[in-house]
Structure formats: C-alpha cells, structure tokens
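Colleague: One structure coming up, written as structure tokens, with questions to follow.
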Amino acid sequence: MPNALLLYPEHPPTYWGNNYALDLLGIKAAFPPLGLLTLAAMFPSRYNLRVVDLNVTPLEDDDLEWADLAFTSTMIPQRPSLEQVVERCNRARVPVVAGGPHPTTFHEEMEGIDHFVLDEVEETFETFLHDLENGTAKAVYRSPRKPDVTLSPVPRFDLIDMNEYHSMCLQFSRGCPFDCEFCDITKLYGRVSRTKSPEQMVAEFDHLYELGWRGPLFLVDDNFIGNKREVSRLLPVIAEWQKERGHPYALFTEASVNLVRMNDLMDVMIEAGFDAVFLGIETPNPKALKKMKKPQNLDMRDDNYLFTSVRKIQQKGMMVLGGFILGLDDDDDNAFDAQIEFIQEAGIPIALVGLLTALKGTNLWTRLERENRLLDKPVEIDATALNFKPQMDPGELVEGYLRVVGTIYDSTLENYFDRCLTLLDNLNPVPHIYKPASKHLLYLSIMGIRRRLTPDQLPVFSRYVAKVSRDHPRLLPLAIRLAAMGYHCEKLTRQQTVLREFKASLDSELASFNEARWEAGVAPGEADRFGQEALQRAKARQRAIPEEFRHAGDGIAEAMEAFRHALSSEARPVAPVNLPVAGSS
C-alpha cells in the first residue's frame, strides 16, 4: 500500500493567526489544514495516510523515510516554509505533489515540485492518481471547469489531533459575486457562488460532533452570503441542529458588508449561533472604494454607511472583525488618521490592516502592469513590503502604516481596550451565544493574561476587567478572550517593529562603515578592523532578537548575508547598497 504524507507548511505569525494568544491556552495553531483534510478523503482506501501540520509538529526524518509521496497545499504566506519542505523532500528523494491557491497562481515560478494538481481538484484528483499509478503522470493537472462542490467529501478530521487547534473549520461555498479590483478570489473560484447542500453540511457538523469537537467553528467561505438563496436554505437547518444539541459550536465566518441589508438572514445567523463575522471594510474613503470596484461598501444615501453597518451587526449580537487596506491610489496623508478614527469609533477590536498588494492575475495587477507600476519582485511575506509603485511616497506609506498599527495596538493596549469597551457597549448579549463561565475559570484566565502583560499594560487591563464586570457581566468571558487577542496583536506589532529596526540598523551600520573605510588616510588593515567590528555589532543585535519573533521568511538571514557581502566588497560604492529592508521598493 502506498504511503502518502500530507504536509502543511508553516504560516508566519499574523494578526489573524493569534499565535501568541493561543500560547496562553497551550494550543499550537488556530485552524487545521482543511484543504489537505478534504484531499485526504479523496484517496482510495488502499493508501496509508499521515498528516503533518508544521504549525503543530515538526517534520521528522522518520516521516520522510515512511513516505512514498508527499502532498502539499499552500497559500502565499506559506511560501518560505514550503520551499524548505520541498528541499527536504528532494534530498530524501520523496516526490512532491503541490496544490492550493499559491501554486495555482505561481506554479511556473516554483522549483523542486514533481507534479502540480492545481485549481479545485474534486474532478481531477482521481485521474492524477490513476496516471501516477500507471507511470504516466503529467507535470501539471488543471481543472477544466469550476467543479460542483456537492462532490466534495467530508474532510478527514480523524487524521489530526483536534486538541492542538483553537477552532475547527468547514466550507459551505466557493466563489464570490463581487469582483473587487485587488482580490484574487474570483480568479481562483469564479463569480458564481457554488454551495454544498444543507445535508452535506449537517454530515460535516455531525462528523466533528462525533469526534468530540465542541467550541469555535469557522466557516471559511470568502463570502458566506454570496449565494443568498442557498445560505437562506442552510441557516434554519443549522439553527435547528445547534438548538437540539445545546449550541455546541460558536460559529464565525466572512461576509460582504451588504450583509447588513439582509435583516432576516442576520436573525437566522444569530439563531444558528454566529458570534462573529469578518468584513472586508478596506477604507472609509468613498473615492478609493469606487476605484477598487467595491460597490457593496457604498450607499449614496448614507455618508456613514460603513460605520452604520458595523454598528447594526454588533447590535444583532455579532462581533465585527475588519480588513483594512492602505496604499490605495486615492489615499492621501489623511488616510492614516481616517483608518485609526474609524476603527476606534466603530469598536472593531481585531482590525487587520495591511498594505495593498498586487496579486498576480487580479484586475489590479493588470491595471498596474498597464501603467508600468509593477516592481520586478515577488510578493513578500514582510508586512511592510511593496510589490508596486504607489502614488504616495513609499517611505511615507510604510511609516504611515506602522503608525496605524502602532496606534490601534499601542504598547499599553489602552486604545485596544477602548475599542473592546465600545464593542461591548453596543453588542447584544444573546443568551445562547454568550454563555456564562465558572468564576474559577474566569479567574484562571484573567491571571494567565496578567502574568504575560507588561507593567504598562497591567493597570489598563485591570480597569478594563473591572468595568466589564460592573457594566457587562454576561460578556466577561468574551472580554477576557478579547484581552488575550489584544495581547497577541500588540506583541505581533512589536515583533514587526523589532525585525524592521534590525534591518534598518544594518543600513545605518553599513553607511557608517563605508564612510570610515573611504576616509582619506585609512589603511587597509584598519578598514578590515572597522568591518569586523560592524559585523560583530550586527551579530549581537541579531542574537538579541527574541526567538519567538523569528519565522520562516522573516528576511533576517538574507539581510545578514547581504550585509556581509557589502562589508567584504573591495570596490568603492558609487551608490548606497540596498539591503533587503522591509518596505523598500
């Protein structure tokens, strides 16, 4: 029987991943690899399967010795880890099969892969395995159409240790009816929202329930309400399923802002147990929204439509998480303060703010290519890297971005807890969603967070807990969960700052070295001494970076290598040496 090793490369730390908050609970990762678990269910029974999620456990040599084949599925941020995985598989002579959103877009630029099975694989995977077993497998397999997702099997959650994850995840639909300029979802999955049947979803809910899962369940649809008719069929069924079992799952998902126009649908989402929804808000700037072709975020009759939408959803009983973008063509110097003001006043604790990225194949990519504004560089993992020429000065844009995230996740967490209180003041505490917790558990949770907070954060946290206990006691469990998420977000913001400052210090060190070694009268031996001293200082700074801040793709090793090379260069530089500093273009 063939041994198939299903490998899921590491995700770098993100605001969405809650890495540091999960550490409070002794949990390794936010979500399991749903794509690989779905693929696992497509294998014939004659295959032995093993799942290794590198976000949970390391890839051991024993795994590679066991494997006849390695299968990977990745998204763009996993690229650095995937490259390491592929290198190890190549050395062990284990053939690699790659699929998922990242290879679907970038397979022509990838090396070391034996076979690509791209797009959605429900209708191609069986053919690939047949060819593979007959020795006729091709290098690339593509789906000729968007498959019927009613063909998708129940994911093999039995292959993982669910205790290692904060939330399980399922998928109801693929595709989105909107076509936002920057987004690649419609390019990958189309504009027709294809859905599973209610019976399928109940079977998947049942499977998780029978395996013992209780707690958060993320419906990973890029737009859960993209097919209103079918989601209206699903929700009452899920609401009844949850009610019969005492609401074992806290549901959350992603949706477009026009959810707020579907009042009855929101009511049934509440009945079904949805406690949070992620919205692509992007910007409060109407001109920029029009240019990015995001009409669902606009209402000509309401200048405060986005703010009103967030508030209405909160008042229904769902927390709003928001995605925001900086670097849009119609952004100006006011964009940074506008983002901060909107996020604070709307009460969006978890705001995922990012710089605009031109993803290959999107309408934005096509336009920027036509305008000769694309940079000849890959999409970087670094949060402050740009792959196009923005209208705004790049340096000002990066500094503005850093100011936004540094303000909403400030070192004291005061702004963060202010947003949490605004949310709690406006959130409808639906009893079957916001269930009480034991005082003992609440105490342990509070003390666990206190032990990790800085001295500057403790007084703010204490006032926050006291105010929630007095004004919103039913919501205290949520408030504590939000505090853990805030701890993560502030720490991740600090991590970004530390890595960026280290890379910037190399630029400064190199500039000082060049100035010293080309000074008149400096002997060659003296210049070598200057270089060694500069290298030792850089190594000391590198060692000072906390290990928990390091990750695959952080760029530190590359920056140090470029720095060493620049120090050893004998030619007098005629222009500054550009180290790979985050945000440079």
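Residue numbering restarts at 1 in every chain; chains get A, B, ... in the order shown in the structure tokens, and ligands count up from 1 in that same order.
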As a VMD selection string, please: every residue in segment 217-404 of chain A that a backbone DSSP assignment puts in helix (DSSP H, G or I).
Modeller: chain A and resid 228 to 244 257 to 261 263 to 272 286 to 291 295 to 297 305 to 316 335 to 346 363 to 370 394 to 404
Colleague: Skip segment 202-206 of chain A itself and residues of its chain fewer than 5 positions away, then list as a PyMOL selection string all residues within 8 Å of it, counting only C-alpha atoms.
Modeller: chain A and resi 154-155+170+237-238+241
Colleague: Please provide as a PDB file with C-alpha atoms, in the first residue's frame all residues within 9 Å of Glu122 of chain A, with the sequence filter that same-chain residues fewer than 6 positions apart are discarded (counting only C-alpha atoms).
Modeller:
```pdb
ATOM      1  CA  LEU A  39      -7.945  15.919  -0.140  1.00  0.00           C
ATOM      2  CA  MET A  42     -10.402  11.635  -1.861  1.00  0.00           C
ATOM      3  CA  SER A 143      -9.381  21.569 -13.681  1.00  0.00           C
ATOM      4  CA  PRO A 147     -16.451  21.770 -10.027  1.00  0.00           C
ATOM      5  CA  ASP A 148     -19.755  21.087  -8.346  1.00  0.00           C
ATOM      6  CA  VAL A 149     -18.886  21.309  -4.627  1.00  0.00           C
ATOM      7  CA  LEU A 151     -18.929  16.326  -4.975  1.00  0.00           C
ATOM      8  CA  SER A 152     -16.627  17.370  -2.136  1.00  0.00           C
ATOM      9  CA  PRO A 153     -16.262  14.702   0.577  1.00  0.00           C
TER      10      PRO A 153
END
```
Colleague: Counting only C-alpha atoms, which residue out of A:Tyr20, A:Phe182, A:Tyr8, A:Phe563 sits closest to Ile449 of chain A?
Modeller: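 Under the stated criterion, the closest residue is A:Tyr20.
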Colleague: Enter the distance from atom CA of Leu49 of chain A to atom CA of Arg88 of chain A, in Å, rounded to one decimal.
Modeller: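 Taking atom CA of Leu49 of chain A and atom CA of Arg88 of chain A, their separation equals 19.1 Å.
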